[in-house]
Every structure is written in C-alpha cells, then in structure tokens.
$ cat run-v1.pdb   # PDB, C-alpha atoms and all ligand atoms
ATOM      1  CA  MET A   1       0.000   0.000   0.000
ATOM      2  CA  HIS A   2       1.386   3.357  -0.791
ATOM      3  CA  LYS A   3       0.958   6.374   1.426
ATOM      4  CA  PRO A   4      -0.677   9.389  -0.292
ATOM      5  CA  LYS A   5       1.802  12.252  -0.866
ATOM      6  CA  PRO A   6       1.289  15.142   1.542
ATOM      7  CA  ASN A   7      -0.761  17.741  -0.231
ATOM      8  CA  PRO A   8       0.508  21.293   0.592
ATOM      9  CA  VAL A   9      -2.894  22.846  -0.123
ATOM     10  CA  ARG A  10      -4.535  20.433   2.314
ATOM     11  CA  ILE A  11      -1.877  21.112   4.976
ATOM     12  CA  ILE A  12      -2.392  24.866   4.696
ATOM     13  CA  LYS A  13      -6.181  24.402   4.809
ATOM     14  CA  ASN A  14      -5.914  22.282   7.965
ATOM     15  CA  LEU A  15      -3.538  24.795   9.525
ATOM     16  CA  ILE A  16      -6.024  27.613   8.885
ATOM     17  CA  ILE A  17      -8.849  25.576  10.441
ATOM     18  CA  LEU A  18      -6.694  24.716  13.468
ATOM     19  CA  THR A  19      -5.657  28.371  13.983
ATOM     20  CA  GLY A  20      -9.300  29.367  13.725
ATOM     21  CA  CYS A  21     -10.306  26.812  16.358
ATOM     22  CA  VAL A  22      -7.550  27.938  18.751
ATOM     23  CA  ALA A  23      -8.528  31.609  18.263
ATOM     24  CA  ALA A  24     -12.212  30.797  18.837
ATOM     25  CA  PHE A  25     -11.322  28.894  22.021
ATOM     26  CA  PHE A  26      -9.331  31.828  23.441
ATOM     27  CA  TRP A  27     -11.986  34.321  22.418
ATOM     28  CA  MET A  28     -14.649  32.271  24.253
ATOM     29  CA  PHE A  29     -12.395  31.784  27.288
ATOM     30  CA  PHE A  30     -11.659  35.501  27.677
ATOM     31  CA  ASP A  31     -15.255  36.388  27.019
ATOM     32  CA  ILE A  32     -16.276  34.164  29.962
ATOM     33  CA  LEU A  33     -13.645  35.819  32.180
ATOM     34  CA  LYS A  34     -14.837  39.247  31.103
ATOM     35  CA  ARG A  35     -18.447  38.391  31.846
ATOM     36  CA  GLU A  36     -17.540  37.055  35.275
ATOM     37  CA  THR A  37     -16.211  40.415  36.393
ATOM     38  CA  VAL A  38     -19.106  42.449  35.026
ATOM     39  CA  VAL A  39     -21.455  40.311  36.960
ATOM     40  CA  SER A  40     -24.694  42.157  36.592
ATOM     41  CA  HIS A  41     -24.682  40.811  33.034
ATOM     42  CA  ASP A  42     -24.084  37.260  34.149
ATOM     43  CA  ALA A  43     -26.831  35.725  36.222
ATOM     44  CA  SER A  44     -24.614  32.797  37.242
ATOM     45  CA  VAL A  45     -22.258  34.910  39.368
ATOM     46  CA  LEU A  46     -23.128  37.246  42.207
ATOM     47  CA  VAL A  47     -20.296  39.555  43.218
ATOM     48  CA  MET A  48     -20.310  40.794  46.787
ATOM     49  CA  GLY A  49     -18.175  43.751  47.747
ATOM     50  CA  THR A  50     -17.119  44.044  51.367
ATOM     51  CA  ASN A  51     -14.414  45.293  53.712
ATOM     52  CA  ALA A  52     -13.161  42.319  55.685
ATOM     53  CA  THR A  53     -12.119  44.150  58.862
ATOM     54  CA  PHE A  54     -15.503  44.263  60.543
ATOM     55  CA  LYS A  55     -15.951  41.352  62.951
ATOM     56  CA  PRO A  56     -18.218  39.401  63.191
ATOM     57  CA  PHE A  57     -19.808  40.562  59.925
ATOM     58  CA  GLU A  58     -16.748  40.159  57.688
ATOM     59  CA  TYR A  59     -13.199  39.226  58.525
ATOM     60  CA  LYS A  60     -10.380  37.050  57.276
ATOM     61  CA  GLU A  61      -9.791  33.543  58.530
ATOM     62  CA  GLY A  62      -7.019  31.506  56.911
ATOM     63  CA  GLY A  63      -6.987  33.853  53.912
ATOM     64  CA  GLN A  64     -10.732  33.464  53.389
ATOM     65  CA  VAL A  65     -13.326  36.185  53.940
ATOM     66  CA  VAL A  66     -15.898  34.822  56.390
ATOM     67  CA  GLY A  67     -18.587  36.163  58.714
ATOM     68  CA  PHE A  68     -22.270  36.880  59.165
ATOM     69  CA  ASP A  69     -22.535  38.904  55.935
ATOM     70  CA  VAL A  70     -20.750  36.200  53.928
ATOM     71  CA  ASP A  71     -23.171  33.530  55.184
ATOM     72  CA  LEU A  72     -26.089  35.849  54.412
ATOM     73  CA  ALA A  73     -24.812  36.498  50.878
ATOM     74  CA  ARG A  74     -24.314  32.742  50.364
ATOM     75  CA  GLU A  75     -27.983  32.134  51.190
ATOM     76  CA  ILE A  76     -28.950  34.817  48.673
ATOM     77  CA  ALA A  77     -26.654  33.410  45.986
ATOM     78  CA  LYS A  78     -28.108  29.946  46.618
ATOM     79  CA  GLU A  79     -31.649  31.196  46.077
ATOM     80  CA  LEU A  80     -30.546  33.007  42.921
ATOM     81  CA  GLY A  81     -28.800  29.860  41.684
ATOM     82  CA  ALA A  82     -25.582  31.865  41.370
ATOM     83  CA  GLU A  83     -21.996  31.409  42.490
ATOM     84  CA  LEU A  84     -20.848  33.926  45.113
ATOM     85  CA  LYS A  85     -17.629  35.872  44.487
ATOM     86  CA  ILE A  86     -16.188  38.174  47.132
ATOM     87  CA  GLU A  87     -14.287  41.382  46.423
ATOM     88  CA  ASP A  88     -12.503  42.762  49.480
ATOM     89  CA  MET A  89     -12.024  46.539  49.244
ATOM     90  CA  SER A  90     -12.009  49.696  51.338
ATOM     91  CA  PHE A  91     -15.364  50.563  52.899
ATOM     92  CA  ASP A  92     -15.532  53.949  51.199
ATOM     93  CA  GLY A  93     -14.947  52.272  47.822
ATOM     94  CA  LEU A  94     -18.062  50.108  48.016
ATOM     95  CA  LEU A  95     -20.713  52.519  46.747
ATOM     96  CA  PRO A  96     -18.544  53.715  43.827
ATOM     97  CA  ALA A  97     -17.905  50.037  42.954
ATOM     98  CA  LEU A  98     -21.672  49.433  42.878
ATOM     99  CA  GLU A  99     -22.248  52.410  40.648
ATOM    100  CA  GLY A 100     -19.413  51.347  38.356
ATOM    101  CA  GLY A 101     -20.880  47.832  38.019
ATOM    102  CA  ARG A 102     -17.789  46.164  39.506
ATOM    103  CA  ILE A 103     -19.869  44.509  42.232
ATOM    104  CA  ASP A 104     -23.555  43.502  42.389
ATOM    105  CA  ILE A 105     -24.105  43.888  46.117
ATOM    106  CA  ALA A 106     -22.329  45.592  49.002
ATOM    107  CA  VAL A 107     -22.693  43.504  52.143
ATOM    108  CA  ALA A 108     -20.521  45.191  54.734
ATOM    109  CA  GLY A 109     -22.491  45.971  57.876
ATOM    110  CA  MET A 110     -23.588  48.975  55.868
ATOM    111  CA  SER A 111     -26.065  51.253  57.611
ATOM    112  CA  VAL A 112     -28.960  52.670  55.675
ATOM    113  CA  THR A 113     -28.735  56.461  55.475
ATOM    114  CA  GLU A 114     -30.734  58.988  53.476
ATOM    115  CA  GLU A 115     -27.587  60.222  51.796
ATOM    116  CA  ARG A 116     -26.511  56.741  50.663
ATOM    117  CA  ALA A 117     -30.054  55.918  49.523
ATOM    118  CA  LYS A 118     -29.801  58.756  46.994
ATOM    119  CA  ASN A 119     -27.263  56.738  45.004
ATOM    120  CA  ALA A 120     -27.982  53.143  45.969
ATOM    121  CA  LEU A 121     -30.859  50.792  46.576
ATOM    122  CA  PHE A 122     -31.100  49.160  50.016
ATOM    123  CA  SER A 123     -32.618  45.788  50.849
ATOM    124  CA  GLU A 124     -34.806  45.039  53.831
ATOM    125  CA  PRO A 125     -32.716  45.641  56.960
ATOM    126  CA  TYR A 126     -31.198  42.508  58.501
ATOM    127  CA  TYR A 127     -29.524  43.828  61.676
ATOM    128  CA  GLN A 128     -30.046  46.653  64.194
ATOM    129  CA  ALA A 129     -26.791  48.298  65.220
ATOM    130  CA  THR A 130     -25.707  51.206  67.398
ATOM    131  CA  GLN A 131     -22.809  53.655  67.315
ATOM    132  CA  ARG A 132     -20.609  53.619  70.401
ATOM    133  CA  ILE A 133     -17.895  55.717  71.950
ATOM    134  CA  ILE A 134     -14.730  53.835  72.893
ATOM    135  CA  VAL A 135     -12.268  55.463  75.306
ATOM    136  CA  PRO A 136      -9.325  54.534  77.552
ATOM    137  CA  GLU A 137     -10.520  53.068  80.866
ATOM    138  CA  ASP A 138      -9.357  56.142  82.818
ATOM    139  CA  SER A 139     -10.913  58.661  80.385
ATOM    140  CA  LYS A 140     -12.978  61.657  81.530
ATOM    141  CA  ILE A 141     -15.248  61.241  78.519
ATOM    142  CA  PHE A 142     -18.542  59.706  79.641
ATOM    143  CA  ASN A 143     -20.940  60.616  76.827
ATOM    144  CA  LYS A 144     -21.338  62.419  73.508
ATOM    145  CA  SER A 145     -20.934  65.920  74.951
ATOM    146  CA  GLY A 146     -17.604  64.816  76.405
ATOM    147  CA  LEU A 147     -16.354  64.555  72.818
ATOM    148  CA  ILE A 148     -16.580  68.319  72.177
ATOM    149  CA  GLY A 149     -13.185  69.662  71.098
ATOM    150  CA  LYS A 150     -11.553  66.222  71.331
ATOM    151  CA  LYS A 151      -9.493  64.178  68.878
ATOM    152  CA  ILE A 152     -11.775  61.440  67.563
ATOM    153  CA  GLY A 153     -10.655  58.423  65.538
ATOM    154  CA  VAL A 154     -13.071  56.932  63.015
ATOM    155  CA  GLN A 155     -13.184  54.580  60.065
ATOM    156  CA  LEU A 156     -13.191  56.548  56.819
ATOM    157  CA  GLY A 157     -16.591  56.997  55.172
ATOM    158  CA  THR A 158     -18.623  55.333  57.906
ATOM    159  CA  THR A 159     -21.597  56.618  59.861
ATOM    160  CA  GLY A 160     -19.232  56.969  62.840
ATOM    161  CA  ASP A 161     -17.167  59.326  60.677
ATOM    162  CA  ILE A 162     -20.294  61.400  59.919
ATOM    163  CA  LEU A 163     -21.327  61.487  63.594
ATOM    164  CA  ALA A 164     -17.869  62.636  64.644
ATOM    165  CA  SER A 165     -17.816  65.372  62.010
ATOM    166  CA  GLU A 166     -20.940  66.866  63.595
ATOM    167  CA  ILE A 167     -19.325  67.271  67.019
ATOM    168  CA  LYS A 168     -18.337  70.852  67.820
ATOM    169  CA  GLY A 169     -14.651  71.625  67.712
ATOM    170  CA  ALA A 170     -13.677  67.971  67.357
ATOM    171  CA  LYS A 171     -10.678  66.984  65.272
ATOM    172  CA  VAL A 172     -11.680  63.898  63.304
ATOM    173  CA  ILE A 173      -8.928  61.517  62.246
ATOM    174  CA  GLN A 174      -9.899  58.914  59.639
ATOM    175  CA  PHE A 175      -8.402  55.439  59.323
ATOM    176  CA  PRO A 176      -9.029  52.704  56.753
ATOM    177  CA  ALA A 177     -10.219  49.990  59.157
ATOM    178  CA  ALA A 178     -11.761  49.513  62.609
ATOM    179  CA  PRO A 179      -8.746  47.723  64.202
ATOM    180  CA  ASN A 180      -6.428  50.576  63.073
ATOM    181  CA  VAL A 181      -8.663  53.116  64.807
ATOM    182  CA  LEU A 182      -8.488  51.224  68.099
ATOM    183  CA  ARG A 183      -4.702  50.897  67.825
ATOM    184  CA  GLU A 184      -4.476  54.699  67.617
ATOM    185  CA  LEU A 185      -6.646  54.991  70.713
ATOM    186  CA  ALA A 186      -4.607  52.414  72.634
ATOM    187  CA  SER A 187      -1.421  54.311  71.832
ATOM    188  CA  GLY A 188      -2.948  57.615  72.919
ATOM    189  CA  ARG A 189      -2.912  59.381  69.561
ATOM    190  CA  VAL A 190      -6.693  60.024  69.722
ATOM    191  CA  ASP A 191      -8.906  60.716  72.774
ATOM    192  CA  ALA A 192     -11.876  58.616  71.693
ATOM    193  CA  VAL A 193     -13.176  56.470  68.866
ATOM    194  CA  ILE A 194     -16.645  56.079  67.365
ATOM    195  CA  LEU A 195     -17.441  52.638  65.959
ATOM    196  CA  ASP A 196     -20.360  50.248  65.488
ATOM    197  CA  ASP A 197     -21.203  48.272  68.630
ATOM    198  CA  ALA A 198     -20.449  44.711  67.462
ATOM    199  CA  PRO A 199     -16.992  45.266  65.913
ATOM    200  CA  ALA A 200     -16.067  47.614  68.781
ATOM    201  CA  THR A 201     -16.832  44.871  71.320
ATOM    202  CA  GLN A 202     -14.934  42.266  69.300
ATOM    203  CA  TYR A 203     -11.783  44.229  68.396
ATOM    204  CA  ILE A 204     -11.384  45.857  71.792
ATOM    205  CA  THR A 205     -10.356  42.497  73.280
ATOM    206  CA  ALA A 206      -7.048  42.740  71.390
ATOM    207  CA  PHE A 207      -6.054  45.831  73.416
ATOM    208  CA  THR A 208      -5.710  46.477  77.111
ATOM    209  CA  GLY A 209      -7.134  49.474  78.927
ATOM    210  CA  LEU A 210      -9.966  50.374  76.534
ATOM    211  CA  LYS A 211     -13.719  50.352  77.184
ATOM    212  CA  VAL A 212     -16.897  50.766  75.153
ATOM    213  CA  LEU A 213     -19.296  53.287  76.735
ATOM    214  CA  SER A 214     -22.650  51.634  77.283
ATOM    215  CA  LEU A 215     -24.780  54.558  76.087
ATOM    216  CA  PRO A 216     -25.308  54.349  72.310
ATOM    217  CA  ILE A 217     -25.022  57.605  70.362
ATOM    218  CA  GLY A 218     -26.954  56.405  67.325
ATOM    219  CA  ASN A 219     -29.265  53.618  66.131
ATOM    220  CA  GLU A 220     -28.871  52.200  62.643
ATOM    221  CA  SER A 221     -30.027  49.325  60.438
ATOM    222  CA  TYR A 222     -27.711  47.240  58.302
ATOM    223  CA  ALA A 223     -28.936  46.378  54.827
ATOM    224  CA  ILE A 224     -27.529  45.144  51.535
ATOM    225  CA  ALA A 225     -26.814  47.885  49.009
ATOM    226  CA  MET A 226     -27.374  47.489  45.288
ATOM    227  CA  LYS A 227     -27.098  49.665  42.211
ATOM    228  CA  LYS A 228     -29.873  52.249  42.149
ATOM    229  CA  SER A 229     -31.476  50.708  39.061
ATOM    230  CA  ASN A 230     -31.340  47.060  40.164
ATOM    231  CA  HIS A 231     -34.966  46.646  41.285
ATOM    232  CA  THR A 232     -35.215  43.014  40.140
ATOM    233  CA  LEU A 233     -32.290  42.024  42.338
ATOM    234  CA  LYS A 234     -33.708  43.960  45.296
ATOM    235  CA  GLU A 235     -36.996  42.093  44.986
ATOM    236  CA  LYS A 236     -35.222  38.733  45.095
ATOM    237  CA  ILE A 237     -32.914  39.722  47.945
ATOM    238  CA  ASP A 238     -35.794  41.083  50.030
ATOM    239  CA  GLN A 239     -37.650  37.846  49.454
ATOM    240  CA  THR A 240     -34.682  35.805  50.712
ATOM    241  CA  ILE A 241     -34.164  38.044  53.754
ATOM    242  CA  ASN A 242     -37.851  37.830  54.649
ATOM    243  CA  HIS A 243     -37.855  34.045  54.216
ATOM    244  CA  MET A 244     -34.760  33.800  56.401
ATOM    245  CA  LYS A 245     -36.431  35.874  59.122
ATOM    246  CA  GLU A 246     -39.538  33.686  58.958
ATOM    247  CA  ASP A 247     -37.977  30.230  58.810
ATOM    248  CA  GLY A 248     -35.363  30.725  61.538
ATOM    249  CA  ARG A 249     -32.257  30.923  59.321
ATOM    250  CA  MET A 250     -31.649  34.550  60.366
ATOM    251  CA  ASP A 251     -31.904  33.628  64.062
ATOM    252  CA  ALA A 252     -29.521  30.747  63.479
ATOM    253  CA  LEU A 253     -27.020  33.162  61.889
ATOM    254  CA  LEU A 254     -27.342  35.548  64.831
ATOM    255  CA  ARG A 255     -26.729  32.670  67.240
ATOM    256  CA  LYS A 256     -23.729  31.476  65.230
ATOM    257  CA  TYR A 257     -21.992  34.870  65.392
ATOM    258  CA  PHE A 258     -23.306  36.398  68.628
ATOM    259  CA  GLY A 259     -23.980  33.360  70.807
ATOM    260  CA  GLU A 260     -27.165  32.282  72.547
ATOM    261  CA  ASN A 261     -27.746  35.269  74.810
ATOM    262  CA  ARG A 262     -27.930  38.067  72.318
TER
HETATM  263  N1  LIG B   1     -22.207  50.666  59.817
HETATM  264  C1  LIG B   1     -21.212  51.623  59.483
HETATM  265  C2  LIG B   1     -21.568  52.320  58.194
HETATM  266  O1  LIG B   1     -22.405  51.864  57.476
HETATM  267  C3  LIG B   1     -19.830  51.014  59.407
HETATM  268  C4  LIG B   1     -19.701  49.909  58.397
HETATM  269  C5  LIG B   1     -18.310  49.350  58.215
HETATM  270  O2  LIG B   1     -17.334  49.928  58.657
HETATM  271  N2  LIG B   1     -18.190  48.222  57.589
HETATM  272  O3  LIG B   1     -21.022  53.324  57.879
END
$ encode --input "run-v1.pdb" --output "structure tokens" --more "lines below"
Ligand code: GLN
Amino acid sequence: MHKPKPNPVRIIKNLIILTGCVAAFFWMFFDILKRETVVSHDASVLVMGTNATFKPFEYKEGGQVVGFDVDLAREIAKELGAELKIEDMSFDGLLPALEGGRIDIAVAGMSVTEERAKNALFSEPYYQATQRIIVPEDSKIFNKSGLIGKKIGVQLGTTGDILASEIKGAKVIQFPAAPNVLRELASGRVDAVILDDAPATQYITAFTGLKVLSLPIGNESYAIAMKKSNHTLKEKIDQTINHMKEDGRMDALLRKYFGENR
C-alpha cells in the first residue's frame, strides 16, 4: 500500500482551520472571564463587595473572607442559583464600585442612610446596630458631649465618621479599618473612637485598657446595598431576607456569630 503524498494545499487548509479553532477557544475563554467580572450581566455569578475588617460581619480567617454577611450572601446566591464571588475593598470604595458595576451587592455591615439611599438601593434591613464611643478606661469622657473639642478616631466613610464630624470643635482623624482606629486609641494618639457596637466589642479584646461606653449615640439598620437601578435584584434579595427571618435561618445566623444570649 502506498501512502498518499502530503498535499501542501490540504496542509495549509488544515492549519487555517486549526488556527481558527484555537482563536475561537481563546476568544470564548476571555469572554467568559470578562463576563464574570461584570457580573450584573451574568446571572450565574453574584459579586459581593465588602471590607473584611468588621468582625463578626466580615473578617479574614485563613486567607478566606468569612462572617455573618458572607453567610447571608451565600444564602442569597443559593436562592438566585448563582456562584458567590467576594471582592474585598475599602469601605468607602463600596458605593462607587456598585455604581461602576464592579460589584452587584455591598454587604458590609452597611447602615442605611438617606444620603446613601440617593445613590444606591437598600434591601430590607437585617440587623439593628448602634454607634458607640470607645475610650481609655481612665478617660474623663462619659458621653457624647464629652467629645466636644476632642481628637476622635473613626473609620473613613462610615456613619461613625459622619457622627464625629458633627461634634463641635472635634478633630476627626480617619483610618481605613476599625482595628487601626483602636490601635491609635490604645497608643494615645486620639482621645476617643466612634465605631459600630459589634466590631467595637470584638476588636477591643485585642487591646488592654480600653472600654466601650454603654450609652449608644446612634441607632442604625444594616442592609444590603445594590445599584440604584437594580430593582429586580432587590426584589429577590428582600424575598430571601424575609424568608430567612420567617424560617429561623436569620436567628440561626445571629446565634452562630453572637452566641445564645444576644
Ligand atoms: N455601619 C457603618 C456604616 O455603614 C460602618 C460599616 C463598616 O465599617 N463596615 O457606615
């Protein structure tokens, strides 16, 4: 039997087909990657933006972002039939990221405020929080009026930051994350700190000589923020949150992160 002579035209034709297939494969592959980051266009991925320095709502454990908000977002993703992706960023970058379509939801112990609601959509609230003053144990500051004219440490862009900016004569010093603010207080570079109750109570244990004043200086509700136009997503998220409140999943989450006697 004799082997057919290689036909140069056929070889070139096959080469062209092969190159085409390879190009098509890469084009499809990068298109998938592209779609995964602009998630609002891809129903199979839900991108959560957060700032993982806010125990017990979001924090890092073994390189992973975990916490109450992560579990909550997982329940939502499950009901949407989507995969959850987490983007860890600065707290003050969350709302711009929503507007820019880089994330679908901001789940970050974010308090609902009128100002924020002008540019974002908020879900049903899922947690009631308070703002607290944290001071050294021997401090002469006992309440909000004690903060007048003092140096106050806050986390940049938070409701604590806004509260502090309204105090007469106070010098507000902004830090990127809650633990950093407490470190400044412990080393005496600020007189007091304003933070949300739960992270204040958790992070304070890493320092000696600090206390959280028991009188709250503000009441707030945490909710999930979405892009202003994303009404369909809000409807689905509200449904999940309401179901979770009804069927005990929300209580179970609270118990998991705050213990039995909350
Ligand atoms: N609840 C506060 C706010 O919404 C702080 C949130 C945070 O630091 N993650 O501004």
$ residues_near_ligand --input "run-v1.pdb" --ligand "ligand LIG 1 (chain B)" --cutoff "7 Å" --atoms "all atoms listed in the file" --output "PyMOL selection string"
chain A and resi 51+54+91+108-112+155+157-160+178+196+222
$ atom_distance --input "run-v1.pdb" --atom1 "CA of Glu137 (chain A)" --atom2 "CA of Gly149 (chain A)"
19.4 Å
$ residues_near_point --input "run-v1.pdb" --point "(-34.4, 34.0, 58.9)" --cutoff "12 Å" --atoms "all atoms listed in the file" --output "list in words"
Asp71, Leu72, Glu75, Ile76, Pro125, Tyr126, Tyr127, Asp238, Gln239, Thr240, Ile241, Asn242, His243, Met244, Lys245, Glu246, Asp247, Gly248, Arg249, Met250, Asp251, Ala252, Leu253, Leu254 and Arg255 of chain A
$ resolve_selection --input "run-v1.pdb" --expression "the PyMOL selection byres (((chain A and resi 181) around 10) and not hetatm)" --output "ChimeraX atom specification"
/A:152-156,173-180,182-186,189-190,192-195
$ closest_residue --input "run-v1.pdb" --among "A:Leu94, A:Ile11, A:Thr130, A:Ile17" --to "Met48 (chain A)" --atoms "only C-alpha atoms"
A:Leu94
$ decode --input "run-v1.pdb" --residues "region 102-137 of chain A" --atoms "N, CA and C atoms" --output "mmCIF file, in the first residue's frame"
data_model
loop_
_atom_site.group_PDB
_atom_site.id
_atom_site.type_symbol
_atom_site.label_atom_id
_atom_site.label_comp_id
_atom_site.auth_asym_id
_atom_site.auth_seq_id
_atom_site.Cartn_x
_atom_site.Cartn_y
_atom_site.Cartn_z
ATOM 1 N N ARG A 102 -18.853 47.122 39.208
ATOM 2 C CA ARG A 102 -17.789 46.164 39.506
ATOM 3 C C ARG A 102 -18.240 45.133 40.533
ATOM 4 N N ILE A 103 -19.278 45.469 41.287
ATOM 5 C CA ILE A 103 -19.869 44.509 42.232
ATOM 6 C C ILE A 103 -21.397 44.589 42.085
ATOM 7 N N ASP A 104 -22.084 43.497 42.464
ATOM 8 C CA ASP A 104 -23.555 43.502 42.389
ATOM 9 C C ASP A 104 -24.187 43.954 43.695
ATOM 10 N N ILE A 105 -23.545 43.555 44.806
ATOM 11 C CA ILE A 105 -24.105 43.888 46.117
ATOM 12 C C ILE A 105 -22.975 44.310 47.055
ATOM 13 N N ALA A 106 -23.277 45.258 47.943
ATOM 14 C CA ALA A 106 -22.329 45.592 49.002
ATOM 15 C C ALA A 106 -22.937 45.049 50.281
ATOM 16 N N VAL A 107 -22.232 44.082 50.888
ATOM 17 C CA VAL A 107 -22.693 43.504 52.143
ATOM 18 C C VAL A 107 -21.551 43.722 53.117
ATOM 19 N N ALA A 108 -21.678 44.744 53.960
ATOM 20 C CA ALA A 108 -20.521 45.191 54.734
ATOM 21 C C ALA A 108 -20.948 45.862 56.030
ATOM 22 N N GLY A 109 -21.978 45.308 56.675
ATOM 23 C CA GLY A 109 -22.491 45.971 57.876
ATOM 24 C C GLY A 109 -22.814 47.412 57.532
ATOM 25 N N MET A 110 -23.347 47.605 56.338
ATOM 26 C CA MET A 110 -23.588 48.975 55.868
ATOM 27 C C MET A 110 -24.924 49.500 56.387
ATOM 28 N N SER A 111 -24.856 50.649 57.056
ATOM 29 C CA SER A 111 -26.065 51.253 57.611
ATOM 30 C C SER A 111 -26.815 52.017 56.533
ATOM 31 N N VAL A 112 -28.126 51.924 56.617
ATOM 32 C CA VAL A 112 -28.960 52.670 55.675
ATOM 33 C C VAL A 112 -28.966 54.132 56.099
ATOM 34 N N THR A 113 -28.620 55.025 55.186
ATOM 35 C CA THR A 113 -28.735 56.461 55.475
ATOM 36 C C THR A 113 -29.422 57.118 54.282
ATOM 37 N N GLU A 114 -30.039 58.260 54.547
ATOM 38 C CA GLU A 114 -30.734 58.988 53.476
ATOM 39 C C GLU A 114 -29.770 59.341 52.352
ATOM 40 N N GLU A 115 -28.590 59.791 52.767
ATOM 41 C CA GLU A 115 -27.587 60.222 51.796
ATOM 42 C C GLU A 115 -27.188 59.054 50.878
ATOM 43 N N ARG A 116 -26.919 57.895 51.470
ATOM 44 C CA ARG A 116 -26.511 56.741 50.663
ATOM 45 C C ARG A 116 -27.662 56.284 49.769
ATOM 46 N N ALA A 117 -28.887 56.390 50.286
ATOM 47 C CA ALA A 117 -30.054 55.918 49.523
ATOM 48 C C ALA A 117 -30.320 56.781 48.293
ATOM 49 N N LYS A 118 -29.642 57.937 48.199
ATOM 50 C CA LYS A 118 -29.801 58.756 46.994
ATOM 51 C C LYS A 118 -29.110 58.086 45.804
ATOM 52 N N ASN A 119 -28.040 57.340 46.094
ATOM 53 C CA ASN A 119 -27.263 56.738 45.004
ATOM 54 C C ASN A 119 -27.284 55.219 44.974
ATOM 55 N N ALA A 120 -27.962 54.607 45.937
ATOM 56 C CA ALA A 120 -27.982 53.143 45.969
ATOM 57 C C ALA A 120 -29.349 52.664 46.429
ATOM 58 N N LEU A 121 -29.610 51.396 46.137
ATOM 59 C CA LEU A 121 -30.859 50.792 46.576
ATOM 60 C C LEU A 121 -30.532 49.937 47.791
ATOM 61 N N PHE A 122 -31.355 49.989 48.834
ATOM 62 C CA PHE A 122 -31.100 49.160 50.016
ATOM 63 C C PHE A 122 -32.155 48.075 50.153
ATOM 64 N N SER A 123 -31.698 46.907 50.603
ATOM 65 C CA SER A 123 -32.618 45.788 50.849
ATOM 66 C C SER A 123 -33.370 46.032 52.153
ATOM 67 N N GLU A 124 -34.214 45.083 52.491
ATOM 68 C CA GLU A 124 -34.806 45.039 53.831
ATOM 69 C C GLU A 124 -33.661 45.029 54.832
ATOM 70 N N PRO A 125 -33.794 45.717 55.964
ATOM 71 C CA PRO A 125 -32.716 45.641 56.960
ATOM 72 C C PRO A 125 -32.602 44.227 57.547
ATOM 73 N N TYR A 126 -31.370 43.840 57.915
ATOM 74 C CA TYR A 126 -31.198 42.508 58.501
ATOM 75 C C TYR A 126 -30.562 42.553 59.884
ATOM 76 N N TYR A 127 -30.150 43.760 60.350
ATOM 77 C CA TYR A 127 -29.524 43.828 61.676
ATOM 78 C C TYR A 127 -29.662 45.233 62.235
ATOM 79 N N GLN A 128 -29.957 45.349 63.532
ATOM 80 C CA GLN A 128 -30.046 46.653 64.194
ATOM 81 C C GLN A 128 -28.747 46.900 64.947
ATOM 82 N N ALA A 129 -28.090 48.004 64.592
ATOM 83 C CA ALA A 129 -26.791 48.298 65.220
ATOM 84 C C ALA A 129 -26.852 49.630 65.951
ATOM 85 N N THR A 130 -25.816 49.895 66.747
ATOM 86 C CA THR A 130 -25.707 51.206 67.398
ATOM 87 C C THR A 130 -24.286 51.727 67.207
ATOM 88 N N GLN A 131 -24.140 53.037 67.330
ATOM 89 C CA GLN A 131 -22.809 53.655 67.315
ATOM 90 C C GLN A 131 -22.371 53.835 68.760
ATOM 91 N N ARG A 132 -21.114 53.537 69.028
ATOM 92 C CA ARG A 132 -20.609 53.619 70.401
ATOM 93 C C ARG A 132 -19.325 54.437 70.487
ATOM 94 N N ILE A 133 -19.146 55.004 71.685
ATOM 95 C CA ILE A 133 -17.895 55.717 71.950
ATOM 96 C C ILE A 133 -16.962 54.736 72.663
ATOM 97 N N ILE A 134 -15.727 54.685 72.221
ATOM 98 C CA ILE A 134 -14.730 53.835 72.893
ATOM 99 C C ILE A 134 -13.641 54.773 73.419
ATOM 100 N N VAL A 135 -13.266 54.587 74.669
ATOM 101 C CA VAL A 135 -12.268 55.463 75.306
ATOM 102 C C VAL A 135 -11.309 54.635 76.174
ATOM 103 N N PRO A 136 -10.190 55.215 76.575
ATOM 104 C CA PRO A 136 -9.325 54.534 77.552
ATOM 105 C C PRO A 136 -10.091 54.392 78.875
ATOM 106 N N GLU A 137 -9.777 53.347 79.619
ATOM 107 C CA GLU A 137 -10.520 53.068 80.866
ATOM 108 C C GLU A 137 -10.529 54.236 81.843
#
